[in-house]
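Below: the structure, in structure tokens.
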Amino acid sequence: MRERNDKLIMGCDRGGNYKKKHEDATPSNDNSTMRLRCPFRLRSVPSGIGWKVVVKCGMHNHILDKDMLGHDILGRLKDDERKFVNDMTKYNMAPRYIVSALKDKDPENLTSITHIYRARATYRLGKRGAVTEMQMLLSLIHQEKYMCWSRNKENSDIVADILWTHPDSIKLLNMFPLVLIFDCTYKTNRYRLLLLEIVGVISIKLTFSVAFAYLEHEREENFTWALKRLKELFYSEKLLPDVLVTDRELALMNASCYHMGVS
């Protein structure tokens, strides 16, 4: 339903086109998307003390559902529920727990995890305002007094790789440098960037975060850049780690052998 000045246009929730989120996405079929370009339209305009409804197109291009199960309108968040979602998002509560909390409050609540993701995205977009994601990340890094390194793509202002760490993590790294654990997470963000997390181990077998990095590609060149920045965090080359632990990431293994001199 859309409002245009003094007009009100109502359509089928299966109208519109499917929008690809990524370049490698494939067109969806009837079973994988609600968007089927359904032409059904009603147009309402004020008329005297009421409204005049004009049927622009009274036909659907799909079979009508027998009930409303699965339609977004049933799970739409109320104002108090949206405020609750925003508050929980602020405190980093996982979406699945937010859904459970809403259903505990109201057993008849039909909100799905998709609604929660959309509400969280809207909240974060409103909080960020006109600032881009990269500008927001850099702002938070400086606000929380993290140390940050980045490099741009050749002949451009686009950030290719970025690594950040906290001064307290650097102190711990130099106190307990023997073993470092590298964990790579793939394709979990909208830009499909590789997230590299570097973790250290203290003497009582607890772990601590050393640094995080977003890398453009999972190539030896990108890992080499990250390892060189990591190497700069050590007070002395004598403190370089004896062992790097990875999940058989070959590009990272090759880069570590050449630039860190560890197994």
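Ordered as shown in the structure tokens, chains take letters A, B, and onward, while each chain numbers its residues from 1 and ligands are numbered from 1 in the order shown.
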
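Once Tyr186 in chain A and its same-chain neighbours fewer than 6 positions away are set aside, Arg192, Leu193, Leu194, Leu195, Leu196 and Glu218 of chain A remain within 10 Å of it when counting only C-alpha atoms.
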
Next, dump the selected residues to file, keeping only all heavy atoms, as an mmCIF file, in the first residue's frame.
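Contents of result-v2.cif, as written:
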data_model
loop_
_atom_site.group_PDB
_atom_site.id
_atom_site.type_symbol
_atom_site.label_atom_id
_atom_site.label_comp_id
_atom_site.auth_asym_id
_atom_site.auth_seq_id
_atom_site.Cartn_x
_atom_site.Cartn_y
_atom_site.Cartn_z
ATOM 1 N N ARG A 192 30.257 -9.544 1.316
ATOM 2 C CA ARG A 192 30.900 -10.830 1.050
ATOM 3 C C ARG A 192 32.397 -10.802 1.351
ATOM 4 O O ARG A 192 33.195 -11.510 0.748
ATOM 5 C CB ARG A 192 30.686 -11.267 -0.401
ATOM 6 C CG ARG A 192 29.306 -10.995 -0.968
ATOM 7 C CD ARG A 192 28.267 -11.881 -0.366
ATOM 8 N NE ARG A 192 28.211 -13.182 -0.995
ATOM 9 C CZ ARG A 192 27.328 -14.121 -0.674
ATOM 10 N NH1 ARG A 192 26.463 -13.901 0.308
ATOM 11 N NH2 ARG A 192 27.325 -15.283 -1.278
ATOM 12 N N LEU A 193 32.794 -9.955 2.297
ATOM 13 C CA LEU A 193 34.200 -9.843 2.644
ATOM 14 C C LEU A 193 34.610 -10.927 3.630
ATOM 15 O O LEU A 193 33.812 -11.369 4.463
ATOM 16 C CB LEU A 193 34.494 -8.465 3.259
ATOM 17 C CG LEU A 193 34.388 -7.262 2.330
ATOM 18 C CD1 LEU A 193 34.596 -5.972 3.114
ATOM 19 C CD2 LEU A 193 35.396 -7.359 1.201
ATOM 20 N N LEU A 194 35.859 -11.310 3.548
ATOM 21 C CA LEU A 194 36.421 -12.282 4.479
ATOM 22 C C LEU A 194 36.731 -11.581 5.808
ATOM 23 O O LEU A 194 37.382 -10.544 5.833
ATOM 24 C CB LEU A 194 37.703 -12.867 3.887
ATOM 25 C CG LEU A 194 38.667 -13.562 4.850
ATOM 26 C CD1 LEU A 194 38.033 -14.829 5.400
ATOM 27 C CD2 LEU A 194 39.971 -13.881 4.155
ATOM 28 N N LEU A 195 36.242 -12.142 6.914
ATOM 29 C CA LEU A 195 36.568 -11.632 8.245
ATOM 30 C C LEU A 195 37.617 -12.550 8.867
ATOM 31 O O LEU A 195 37.375 -13.738 9.061
ATOM 32 C CB LEU A 195 35.329 -11.577 9.137
ATOM 33 C CG LEU A 195 35.595 -11.174 10.597
ATOM 34 C CD1 LEU A 195 36.149 -9.759 10.673
ATOM 35 C CD2 LEU A 195 34.320 -11.293 11.428
ATOM 36 N N LEU A 196 38.777 -11.995 9.148
ATOM 37 C CA LEU A 196 39.866 -12.739 9.773
ATOM 38 C C LEU A 196 39.955 -12.341 11.237
ATOM 39 O O LEU A 196 40.128 -11.158 11.555
ATOM 40 C CB LEU A 196 41.190 -12.442 9.063
ATOM 41 C CG LEU A 196 42.458 -13.014 9.703
ATOM 42 C CD1 LEU A 196 42.429 -14.539 9.650
ATOM 43 C CD2 LEU A 196 43.705 -12.476 9.009
ATOM 44 N N GLU A 218 40.641 -13.890 -0.350
ATOM 45 C CA GLU A 218 41.337 -14.892 0.446
ATOM 46 C C GLU A 218 42.602 -15.331 -0.283
ATOM 47 O O GLU A 218 42.861 -16.522 -0.465
ATOM 48 C CB GLU A 218 40.406 -16.083 0.715
ATOM 49 C CG GLU A 218 39.710 -16.617 -0.535
ATOM 50 C CD GLU A 218 38.693 -17.685 -0.220
ATOM 51 O OE1 GLU A 218 39.077 -18.752 0.269
ATOM 52 O OE2 GLU A 218 37.501 -17.436 -0.470
#

*Would you please extract all strand (DSSP E or B) residues from range 18-197 of chain A, as assigned by DSSP on the backbone, and give them as a PyMOL selection string?*
chain A and resi 41-47+50-57+147-152+159-165+179-185+194-197

_DSSP-assigned alpha helix (DSSP H) among range 126-195 of chain A, expressed as a PyMOL selection string_ = chain A and resi 126-128+133-143+167-175

Output N, CA and C atoms for every residue in that selection, as a short mmCIF file (atom, residue, chain, number, x, y, z; two decimals), in the first residue's frame.
data_model
loop_
_atom_site.label_atom_id
_atom_site.label_comp_id
_atom_site.auth_asym_id
_atom_site.auth_seq_id
_atom_site.Cartn_x
_atom_site.Cartn_y
_atom_site.Cartn_z
N GLY A 126 18.93 3.99 10.68
CA GLY A 126 18.51 5.25 11.29
C GLY A 126 19.58 5.80 12.22
N LYS A 127 20.24 4.92 12.94
CA LYS A 127 21.30 5.34 13.86
C LYS A 127 22.51 5.86 13.11
N ARG A 128 22.80 5.25 11.95
CA ARG A 128 23.96 5.65 11.17
C ARG A 128 23.72 6.92 10.40
N GLU A 133 28.80 2.78 5.78
CA GLU A 133 29.21 1.73 6.69
C GLU A 133 30.69 1.85 7.06
N MET A 134 31.54 2.15 6.08
CA MET A 134 32.96 2.28 6.35
C MET A 134 33.25 3.47 7.25
N GLN A 135 32.57 4.58 7.01
CA GLN A 135 32.75 5.75 7.86
C GLN A 135 32.29 5.47 9.29
N MET A 136 31.20 4.69 9.42
CA MET A 136 30.70 4.33 10.75
C MET A 136 31.69 3.43 11.47
N LEU A 137 32.26 2.46 10.74
CA LEU A 137 33.24 1.56 11.34
C LEU A 137 34.46 2.34 11.82
N LEU A 138 34.98 3.22 10.99
CA LEU A 138 36.15 4.01 11.37
C LEU A 138 35.83 4.93 12.54
N SER A 139 34.61 5.47 12.55
CA SER A 139 34.20 6.33 13.66
C SER A 139 34.19 5.57 14.98
N LEU A 140 33.63 4.35 14.97
CA LEU A 140 33.58 3.53 16.18
C LEU A 140 34.98 3.10 16.61
N ILE A 141 35.84 2.78 15.64
CA ILE A 141 37.22 2.38 15.95
C ILE A 141 37.94 3.50 16.70
N HIS A 142 37.81 4.73 16.21
CA HIS A 142 38.47 5.86 16.87
C HIS A 142 37.78 6.23 18.18
N GLN A 143 36.46 6.08 18.20
CA GLN A 143 35.70 6.40 19.42
C GLN A 143 36.10 5.50 20.58
N PRO A 167 44.65 -1.42 22.24
CA PRO A 167 45.94 -1.37 22.94
C PRO A 167 46.09 -2.43 24.03
N ASP A 168 45.00 -2.77 24.71
CA ASP A 168 45.07 -3.83 25.73
C ASP A 168 45.39 -5.18 25.11
N SER A 169 44.87 -5.41 23.90
CA SER A 169 45.16 -6.66 23.19
C SER A 169 46.64 -6.75 22.82
N ILE A 170 47.23 -5.60 22.48
CA ILE A 170 48.66 -5.57 22.13
C ILE A 170 49.50 -5.93 23.35
N LYS A 171 49.11 -5.43 24.51
CA LYS A 171 49.85 -5.76 25.74
C LYS A 171 49.77 -7.25 26.03
N LEU A 172 48.57 -7.83 25.90
CA LEU A 172 48.41 -9.26 26.14
C LEU A 172 49.18 -10.09 25.12
N LEU A 173 49.18 -9.61 23.87
CA LEU A 173 49.90 -10.32 22.81
C LEU A 173 51.38 -10.44 23.13
N ASN A 174 51.98 -9.37 23.65
CA ASN A 174 53.40 -9.39 23.96
C ASN A 174 53.72 -10.11 25.26
N MET A 175 52.70 -10.31 26.09
CA MET A 175 52.89 -11.10 27.32
C MET A 175 52.75 -12.60 27.03
#

*Skipping near chain neighbours, those fewer than 4 positions away, what residues fall within 12 Å of Cys257 in chain A using only C-alpha atoms, listed as JSON, numbers by chain?*
{"A": [220, 223, 224, 227, 241, 242, 243, 244, 250, 251, 252, 253, 261, 262, 263]}
